[in-house]
file run30.txt (compact mmCIF, C-alpha atoms)
# COMPACT_ATOMS: atom_id res chain seq x y z
CA MET A 19 -130.21 131.54 86.14
CA LEU A 20 -129.69 129.03 83.33
CA GLU A 21 -130.96 125.48 83.80
CA LEU A 22 -130.33 122.54 81.46
CA TYR A 23 -132.24 119.27 81.71
CA ASP A 24 -131.98 115.90 80.03
CA GLY A 25 -135.31 115.39 78.25
CA ALA A 26 -138.57 117.32 78.60
CA LEU A 27 -139.00 120.18 81.07
CA ASN A 28 -141.26 119.88 84.10
CA VAL A 29 -143.04 123.15 83.28
CA PRO A 30 -145.27 123.56 86.39
CA GLU A 31 -142.36 122.83 88.74
CA ILE A 32 -140.05 125.32 87.01
CA LEU A 33 -142.63 128.13 86.69
CA ASN A 34 -143.77 127.71 90.29
CA ARG A 35 -140.25 127.57 91.66
CA TRP A 36 -139.20 130.69 89.74
CA TYR A 37 -142.33 132.48 90.98
CA ALA A 38 -141.47 131.54 94.57
CA GLU A 39 -137.81 132.53 94.18
CA GLU A 40 -138.74 136.08 93.16
CA SER A 41 -141.92 136.58 95.17
CA ASP A 42 -140.28 138.78 97.81
CA ASN A 43 -138.35 140.95 95.34
CA ASN A 44 -141.06 143.51 94.61
CA TYR A 45 -141.44 142.67 90.92
CA GLY A 46 -144.73 143.76 89.38
CA ALA A 47 -144.39 141.58 86.27
CA TYR A 48 -143.42 137.94 85.62
CA ILE A 49 -143.59 137.01 81.94
CA PRO A 50 -142.69 133.44 81.00
CA PHE A 51 -142.45 132.06 77.47
CA VAL A 52 -142.91 128.29 77.18
CA GLY A 53 -141.87 126.50 74.00
CA THR A 54 -143.76 123.24 73.35
CA VAL A 55 -143.11 120.66 70.62
CA ARG A 56 -145.95 120.63 68.11
CA GLU A 57 -147.20 117.70 66.08
CA GLU A 58 -146.07 118.60 62.56
CA ASP A 59 -144.84 116.75 59.46
CA GLY A 60 -145.19 113.39 61.18
CA ILE A 61 -142.46 113.97 63.74
CA GLU A 62 -142.40 111.95 66.97
CA GLY A 63 -140.52 114.74 68.74
CA LEU A 64 -137.45 116.94 68.62
CA SER A 65 -133.96 116.41 69.94
CA PHE A 66 -131.38 118.99 70.99
CA ASP A 67 -127.61 119.34 71.26
CA VAL A 68 -126.44 122.17 73.52
CA TYR A 69 -122.97 123.68 73.70
CA GLU A 70 -122.93 124.82 77.29
CA PRO A 71 -119.81 127.07 77.52
CA ILE A 72 -120.97 129.53 74.84
CA LEU A 73 -124.64 129.25 75.87
CA THR A 74 -123.62 130.26 79.39
CA SER A 75 -121.61 133.29 78.24
CA TRP A 76 -124.43 134.34 75.87
CA PHE A 77 -126.94 134.09 78.76
CA GLU A 78 -124.67 135.97 81.19
CA ALA A 79 -124.32 138.81 78.66
CA TRP A 80 -128.13 139.06 78.58
CA VAL A 81 -128.34 139.06 82.39
CA ALA A 82 -125.87 141.98 82.42
CA LYS A 83 -127.91 143.82 79.78
CA ALA A 84 -131.18 143.34 81.70
CA ALA A 85 -129.81 144.35 85.09
CA PRO A 86 -129.73 148.15 84.48
CA LEU A 87 -133.41 147.92 83.48
CA GLY A 88 -134.18 146.32 86.85
CA ALA A 89 -135.04 143.02 85.13
CA THR A 90 -134.10 139.46 86.08
CA LEU A 91 -133.86 136.70 83.45
CA LYS A 92 -134.27 132.97 83.84
CA MET A 93 -134.05 130.24 81.25
CA ALA A 94 -134.44 126.47 81.08
CA HIS A 95 -133.74 124.23 78.07
CA SER A 96 -133.72 120.54 77.26
CA ARG A 97 -130.90 118.35 76.01
CA GLY A 98 -131.69 115.18 74.09
CA ASP A 99 -135.16 114.02 73.12
CA VAL A 100 -138.43 115.88 73.79
CA LEU A 101 -141.60 114.30 72.47
CA VAL A 102 -144.60 115.96 70.81
CA HIS A 103 -146.70 117.99 73.30
CA GLU A 104 -143.81 118.15 75.77
CA SER A 105 -141.85 121.38 76.39
CA SER A 106 -138.19 122.05 75.68
CA TYR A 107 -137.73 125.75 76.45
CA ILE A 108 -138.77 128.30 79.06
CA ALA A 109 -137.56 131.87 79.20
CA ALA A 110 -138.85 134.33 81.78
CA VAL A 111 -138.38 137.94 82.73
CA PHE A 112 -139.20 139.59 86.04
CA SER A 113 -139.31 143.38 86.23
CA PRO A 114 -140.81 146.12 88.38
CA LYS A 115 -143.22 147.19 85.60
CA ARG A 116 -144.75 145.32 82.67
CA ARG A 117 -143.27 147.31 79.74
CA VAL A 118 -139.65 146.34 80.46
CA ALA A 119 -140.63 142.68 80.90
CA LEU A 120 -142.68 142.61 77.66
CA GLU A 121 -139.94 144.23 75.60
CA THR A 122 -137.15 142.18 77.17
CA ILE A 123 -138.85 138.81 76.67
CA ASP A 124 -139.40 139.64 72.99
CA ALA A 125 -135.78 140.70 72.37
CA PHE A 126 -134.37 137.86 74.48
CA VAL A 127 -136.34 135.08 72.76
CA GLU A 128 -135.56 136.44 69.28
CA ASP A 129 -131.84 136.67 70.03
CA PHE A 130 -131.99 133.20 71.57
CA LYS A 131 -133.33 131.80 68.29
CA ALA A 132 -130.60 133.54 66.28
CA SER A 133 -127.59 133.13 68.56
CA ALA A 134 -127.86 130.44 71.24
CA PRO A 135 -125.59 127.45 70.43
CA ILE A 136 -128.32 124.82 70.35
CA TRP A 137 -129.00 122.42 67.45
CA LYS A 138 -132.39 120.93 66.72
CA TYR A 139 -133.17 117.57 65.16
CA ASP A 140 -136.49 116.06 64.06
CA LEU A 141 -137.24 112.60 65.43
CA LYS A 142 -138.92 110.82 62.56
CA ASN A 143 -139.19 107.14 61.64
CA GLY A 144 -136.54 106.25 64.22
CA GLU A 145 -134.05 108.76 62.78
CA ARG A 146 -132.56 111.97 64.24
CA LEU A 147 -132.47 114.51 61.38
CA TYR A 148 -130.79 117.94 61.68
CA ALA A 149 -133.40 120.68 61.08
CA ARG A 150 -131.06 122.58 58.77
CA ASP A 151 -133.75 124.48 56.85
CA ARG A 152 -135.14 125.89 60.12
CA SER A 153 -131.74 126.85 61.50
CA THR A 154 -130.02 130.25 61.42
CA PRO A 155 -126.30 130.93 60.96
CA ILE A 156 -124.92 132.79 63.97
CA GLU A 157 -123.94 136.40 63.14
CA GLY A 158 -120.47 136.44 61.56
CA SER A 159 -120.75 132.90 60.18
CA GLY A 160 -118.76 131.96 57.10
CA LEU A 161 -115.44 133.30 58.34
CA LEU A 162 -113.55 130.13 57.45
CA GLY A 163 -115.21 129.93 54.04
CA GLY A 164 -114.05 133.43 53.16
CA LYS A 165 -117.42 135.14 53.64
CA SER A 166 -116.29 137.73 56.19
CA MET B 476 -100.86 122.34 68.15
CA VAL B 477 -104.45 123.59 68.22
CA THR B 478 -107.56 121.46 68.46
CA ILE B 479 -110.46 121.95 66.06
CA GLU B 480 -113.83 120.72 67.31
CA PHE B 481 -117.01 120.41 65.28
CA LEU B 482 -120.23 121.06 67.16
CA GLY B 483 -123.82 119.91 66.76
CA PRO B 484 -124.69 118.13 63.53
CA ILE B 485 -121.19 118.13 61.98
CA GLN B 486 -120.37 114.48 62.37
CA LYS B 487 -116.63 114.80 62.53
CA ALA B 488 -114.05 113.85 65.16
CA PRO B 489 -111.81 116.65 66.53
CA LEU B 490 -108.62 117.45 64.62
CA THR B 491 -105.29 118.67 65.92
CA LEU B 492 -103.03 120.71 63.69
CA GLU B 493 -100.28 123.31 63.66
CA ALA B 494 -101.72 126.77 63.03
CA ALA B 495 -100.63 130.24 64.10
CA SER B 496 -103.85 131.96 63.05
CA LEU B 497 -107.40 131.18 61.98
CA ARG B 498 -106.35 131.87 58.39
CA GLU B 499 -104.17 128.76 58.54
CA VAL B 500 -107.07 126.75 59.97
CA ALA B 501 -109.26 127.98 57.10
CA GLU B 502 -106.65 126.87 54.56
CA ALA B 503 -106.41 123.43 56.15
CA LEU B 504 -110.18 122.92 56.28
CA LYS B 505 -110.74 124.06 52.69
CA ASN B 506 -108.84 120.96 51.61
CA ASP B 507 -111.13 118.74 53.69
CA THR B 508 -113.94 117.45 51.48
CA GLU B 509 -116.15 116.63 54.49
CA MET B 510 -116.17 120.32 55.48
CA GLY B 511 -117.11 121.86 52.14
CA GLN B 512 -120.82 122.07 52.95
CA TRP B 513 -120.22 123.65 56.37
CA LEU B 514 -117.54 126.36 56.12
CA ASP B 515 -119.79 129.04 54.62
CA SER B 516 -122.39 128.67 57.36
CA CYS B 517 -120.34 128.11 60.51
CA ALA B 518 -119.48 130.62 63.22
CA VAL B 519 -116.07 130.23 64.85
CA ALA B 520 -115.03 130.40 68.49
CA VAL B 521 -111.54 130.37 69.96
CA ASN B 522 -111.44 129.06 73.53
CA ASP B 523 -115.24 129.43 73.70
CA ALA B 524 -115.37 133.09 72.62
CA LEU B 525 -116.83 133.91 69.18
CA VAL B 526 -114.36 135.62 66.85
CA ALA B 527 -114.76 137.70 63.68
CA SER B 528 -111.31 137.84 62.06
CA LEU B 529 -109.14 135.34 60.22
CA ASP B 530 -106.16 137.19 61.69
CA THR B 531 -107.09 135.95 65.18
CA PRO B 532 -103.78 134.55 66.49
CA LEU B 533 -103.62 131.02 67.82
CA LYS B 534 -101.19 129.54 70.32
CA ASN B 535 -100.33 126.05 71.42
CA GLY B 536 -103.26 124.42 73.23
CA ASP B 537 -105.98 126.69 71.85
CA LYS B 538 -109.38 125.22 71.02
CA VAL B 539 -111.17 126.31 67.85
CA SER B 540 -114.87 125.42 67.65
CA LEU B 541 -117.07 125.46 64.56
CA LEU B 542 -120.73 126.25 65.23
CA PRO B 543 -123.16 125.41 62.42
CA PRO B 544 -126.58 127.15 62.07
CA VAL B 545 -128.58 127.04 65.30
CA CYS B 546 -132.21 126.51 66.25
CA GLY B 547 -132.97 126.38 69.95
CA GLY B 548 -136.37 126.40 71.58
call {"tool": "encode", "arguments": {"input": "run30.txt", "output": "structure tokens"}}
result
Amino acid sequence: MLELYDGALNVPEILNRWYAEESDNNYGAYIPFVGTVREEDGIEGLSFDVYEPILTSWFEAWVAKAAPLGATLKMAHSRGDVLVHESSYIAAVFSPKRRVALETIDAFVEDFKASAPIWKYDLKNGERLYARDRSTPIEGSGLLGGKS
Amino acid sequence: MVTIEFLGPIQKAPLTLEAASLREVAEALKNDTEMGQWLDSCAVAVNDALVASLDTPLKNGDKVSLLPPVCGG
């Protein structure tokens, strides 16, 4: 399940609802990762653009990869502005035993950072500035510039 | 005609042009001074699927998307 929200996430509502949704499914482990905007370099917050069609296919590929391990994935992300100390990202894995959930959340969050079509901006002094130096080219980038 | 769309921080309106492959799109964009800083770092999707070859054929109505470096979370 992939959920997109305008603005900050309601973390307790999402975590509790996901817990309730899976409570009868005999999972022994529920491992959520919550990403919260930190106060850093004088920013007022972060802002996000999301390209939903490719994000959805990326997420569905992960769901298919987790299924043979007996794991279920859920993810929520913000669009638009999220202020300091608010949260913009939750990923969670449910699995029968802890090891699969621990390994899957690690691999899923790392691939999310490298591949999910989401762009981050710093909100600073009333401006929205692309965080280019913290961004990663998606694998295979540079095709049109003759790199591949 | 194919449509070229520029995602995220690339502040550029969509273009439409005649192109039979991604190689022809690459040639057209190399002459676009606004795109010089982006071409080396963008991934490319055709009809919302990422592609890895300039020989990817294009047909009338296709959508080509340029995805600059990402940072979710």
call {"tool": "closest_residue", "arguments": {"input": "run30.txt", "among": "A:Phe112, A:Trp76, A:Tyr23, A:Tyr69", "to": "Ala89 of chain A", "atoms": "all atoms listed in the file"}}
result
A:Phe112
call {"tool": "closest_atom_pairs", "arguments": {"input": "run30.txt", "of": "chain A", "to": "chain B", "cutoff": "9 Å", "atoms": "only C-alpha atoms", "output": "CSV"}}
result
residue,atom,partner,partner_atom,distance
A:Val52,CA,B:Gly548,CA,8.8
A:Gly53,CA,B:Gly548,CA,6.0
A:Thr54,CA,B:Gly548,CA,8.2
A:Val55,CA,B:Gly548,CA,8.9
A:Phe66,CA,B:Gly547,CA,7.6
A:Asp67,CA,B:Gly483,CA,5.9
A:Val68,CA,B:Gly483,CA,7.6
A:Tyr69,CA,B:Leu482,CA,7.6
A:Pro71,CA,B:Asp523,CA,6.4
A:Ile72,CA,B:Asp523,CA,5.8
A:Ser75,CA,B:Ala524,CA,8.4
A:His95,CA,B:Gly548,CA,7.3
A:Ser96,CA,B:Gly548,CA,8.6
A:Ser105,CA,B:Gly548,CA,8.9
A:Ser106,CA,B:Gly548,CA,6.2
A:Tyr107,CA,B:Gly548,CA,5.1
A:Ile108,CA,B:Gly548,CA,8.1
A:Val127,CA,B:Gly548,CA,8.8
A:Phe130,CA,B:Gly547,CA,7.1
A:Lys131,CA,B:Gly547,CA,5.7
A:Ala132,CA,B:Val545,CA,6.9
A:Ser133,CA,B:Val545,CA,7.0
A:Ala134,CA,B:Gly547,CA,6.7
A:Pro135,CA,B:Val545,CA,6.0
A:Ile136,CA,B:Gly547,CA,4.9
A:Trp137,CA,B:Val545,CA,5.1
A:Lys138,CA,B:Cys546,CA,5.6
A:Tyr139,CA,B:Pro484,CA,8.7
A:Leu147,CA,B:Pro484,CA,8.8
A:Tyr148,CA,B:Pro484,CA,6.4
A:Ala149,CA,B:Cys546,CA,7.9
A:Arg150,CA,B:Pro544,CA,7.2
A:Arg152,CA,B:Cys546,CA,6.8
A:Ser153,CA,B:Cys546,CA,4.8
A:Thr154,CA,B:Pro544,CA,4.7
A:Pro155,CA,B:Pro544,CA,3.9
A:Ile156,CA,B:Ala518,CA,5.9
A:Glu157,CA,B:Ala518,CA,7.3
A:Gly158,CA,B:Ala518,CA,6.1
A:Ser159,CA,B:Ala518,CA,4.0
A:Gly160,CA,B:Asp515,CA,4.0
A:Leu161,CA,B:Ala518,CA,6.9
A:Leu162,CA,B:Ala501,CA,4.8
A:Gly163,CA,B:Asp515,CA,4.7
A:Gly164,CA,B:Asp515,CA,7.4
A:Lys165,CA,B:Asp515,CA,6.6
A:Ser166,CA,B:Ala527,CA,7.6
call {"tool": "closest_residue", "arguments": {"input": "run30.txt", "among": "A:Ile49, A:Ala79, A:Ala84, A:Val102", "to": "Leu33 of chain A", "atoms": "all atoms listed in the file"}}
result
A:Ile49
call {"tool": "atom_distance", "arguments": {"input": "run30.txt", "atom1": "atom CA of Ala488 of chain B", "atom2": "atom CA of Leu533 of chain B"}}
result
20.3 Å
call {"tool": "atom_distance", "arguments": {"input": "run30.txt", "atom1": "atom CA of Asp507 of chain B", "atom2": "atom CA of Leu490 of chain B"}}
result
11.3 Å
call {"tool": "residues_around", "arguments": {"input": "run30.txt", "residues": "Glu62 of chain A", "least_positions_apart": "4", "cutoff": "10 Å", "atoms": "all atoms listed in the file", "output": "list in words"}}
result
Val55, Arg56, Glu57, Glu58, Asp99, Val100, Leu101, Val102, His103, Asp140, Leu141, Lys142, Asn143, Gly144 and Glu145 of chain A
call {"tool": "residues_near_point", "arguments": {"input": "run30.txt", "point": "(-107.0, 129.8, 72.7)", "cutoff": "7 Å", "atoms": "all atoms listed in the file", "output": "compact mmCIF listing (two decimals) with C-alpha atoms, keeping the file's coordinate frame"}}
result
# COMPACT_ATOMS: atom_id res chain seq x y z
CA VAL B 521 -111.54 130.37 69.96
CA ASN B 522 -111.44 129.06 73.53
CA LEU B 533 -103.62 131.02 67.82
CA LYS B 534 -101.19 129.54 70.32
CA GLY B 536 -103.26 124.42 73.23
CA ASP B 537 -105.98 126.69 71.85
CA LYS B 538 -109.38 125.22 71.02
call {"tool": "atom_distance", "arguments": {"input": "run30.txt", "atom1": "atom CA of Ser113 of chain A", "atom2": "atom CA of Ala47 of chain A"}}
result
5.4 Å
call {"tool": "residues_near_point", "arguments": {"input": "run30.txt", "point": "(-139.5, 138.5, 82.3)", "cutoff": "12 Å", "atoms": "all atoms listed in the file", "output": "number ranges by chain"}}
result
A: 33, 36-37, 40, 45-52, 80-81, 84-85, 87-93, 108-127
call {"tool": "residues_around", "arguments": {"input": "run30.txt", "residues": "Asn535 of chain B", "least_positions_apart": "3", "cutoff": "9 Å", "atoms": "only C-alpha atoms", "output": "PyMOL selection string"}}
result
chain B and resi 476-477+493-495
call {"tool": "decode", "arguments": {"input": "run30.txt", "residues": "chain B", "atoms": "C-alpha atoms", "output": "mmCIF file, in the first residue's frame"}}
result
data_model
loop_
_atom_site.group_PDB
_atom_site.id
_atom_site.type_symbol
_atom_site.label_atom_id
_atom_site.label_comp_id
_atom_site.auth_asym_id
_atom_site.auth_seq_id
_atom_site.Cartn_x
_atom_site.Cartn_y
_atom_site.Cartn_z
ATOM 1 C CA MET B 476 4.874 13.825 -32.478
ATOM 2 C CA VAL B 477 6.210 12.861 -29.058
ATOM 3 C CA THR B 478 5.939 14.905 -25.887
ATOM 4 C CA ILE B 479 8.985 15.560 -23.715
ATOM 5 C CA GLU B 480 8.247 16.398 -20.089
ATOM 6 C CA PHE B 481 10.721 17.665 -17.516
ATOM 7 C CA LEU B 482 10.125 16.514 -13.957
ATOM 8 C CA GLY B 483 10.927 17.930 -10.539
ATOM 9 C CA PRO B 484 13.307 20.883 -10.427
ATOM 10 C CA ILE B 485 13.792 21.289 -14.203
ATOM 11 C CA GLN B 486 11.797 24.441 -14.718
ATOM 12 C CA LYS B 487 10.842 23.866 -18.310
ATOM 13 C CA ALA B 488 7.487 23.555 -20.092
ATOM 14 C CA PRO B 489 6.817 20.319 -22.043
ATOM 15 C CA LEU B 490 8.023 20.156 -25.641
ATOM 16 C CA THR B 491 6.516 18.334 -28.586
ATOM 17 C CA LEU B 492 8.719 17.207 -31.438
ATOM 18 C CA GLU B 493 9.078 14.677 -34.231
ATOM 19 C CA ALA B 494 11.368 11.829 -33.166
ATOM 20 C CA ALA B 495 11.513 8.157 -34.114
ATOM 21 C CA SER B 496 13.935 7.178 -31.350
ATOM 22 C CA LEU B 497 15.461 8.519 -28.158
ATOM 23 C CA ARG B 498 18.644 9.239 -30.112
ATOM 24 C CA GLU B 499 16.737 11.909 -32.036
ATOM 25 C CA VAL B 500 15.408 13.356 -28.774
ATOM 26 C CA ALA B 501 18.978 13.483 -27.440
ATOM 27 C CA GLU B 502 20.129 15.351 -30.554
ATOM 28 C CA ALA B 503 17.308 17.875 -30.218
ATOM 29 C CA LEU B 504 17.940 18.505 -26.517
ATOM 30 C CA LYS B 505 21.702 18.900 -26.942
ATOM 31 C CA ASN B 506 20.959 22.067 -28.901
ATOM 32 C CA ASP B 507 18.815 23.412 -26.057
ATOM 33 C CA THR B 508 20.970 25.628 -23.837
ATOM 34 C CA GLU B 509 18.545 25.322 -20.899
ATOM 35 C CA MET B 510 19.129 21.551 -20.814
ATOM 36 C CA GLY B 511 22.926 21.500 -20.823
ATOM 37 C CA GLN B 512 23.228 21.210 -17.045
ATOM 38 C CA TRP B 513 20.673 18.380 -16.836
ATOM 39 C CA LEU B 514 21.293 15.838 -19.618
ATOM 40 C CA ASP B 515 24.248 14.099 -17.948
ATOM 41 C CA SER B 516 22.332 13.500 -14.721
ATOM 42 C CA CYS B 517 18.809 12.661 -15.877
ATOM 43 C CA ALA B 518 17.190 9.245 -16.144
ATOM 44 C CA VAL B 519 14.737 8.768 -19.003
ATOM 45 C CA ALA B 520 11.322 7.118 -19.096
ATOM 46 C CA VAL B 521 9.132 6.366 -22.094
ATOM 47 C CA ASN B 522 5.436 6.161 -21.215
ATOM 48 C CA ASP B 523 6.395 5.970 -17.522
ATOM 49 C CA ALA B 524 8.825 3.045 -17.845
ATOM 50 C CA LEU B 525 12.556 3.730 -17.349
ATOM 51 C CA VAL B 526 14.665 2.935 -20.413
ATOM 52 C CA ALA B 527 18.388 2.290 -20.923
ATOM 53 C CA SER B 528 19.003 2.605 -24.680
ATOM 54 C CA LEU B 529 19.096 5.501 -27.118
ATOM 55 C CA ASP B 530 17.776 3.048 -29.713
ATOM 56 C CA THR B 531 14.438 2.870 -27.875
ATOM 57 C CA PRO B 532 11.898 3.443 -30.674
ATOM 58 C CA LEU B 533 9.283 6.151 -30.320
ATOM 59 C CA LYS B 534 5.883 6.389 -31.957
ATOM 60 C CA ASN B 535 3.318 9.111 -32.344
ATOM 61 C CA GLY B 536 1.806 10.062 -28.972
ATOM 62 C CA ASP B 537 4.608 8.681 -26.807
ATOM 63 C CA LYS B 538 5.625 10.552 -23.659
ATOM 64 C CA VAL B 539 9.306 10.896 -22.791
ATOM 65 C CA SER B 540 10.064 12.005 -19.226
ATOM 66 C CA LEU B 541 13.365 13.314 -17.879
ATOM 67 C CA LEU B 542 14.004 12.535 -14.215
ATOM 68 C CA PRO B 543 16.765 14.553 -12.536
ATOM 69 C CA PRO B 544 18.625 13.290 -9.405
ATOM 70 C CA VAL B 545 16.229 12.236 -6.652
ATOM 71 C CA CYS B 546 16.097 12.555 -2.877
ATOM 72 C CA GLY B 547 12.965 11.265 -1.193
ATOM 73 C CA GLY B 548 12.390 10.802 2.495
#
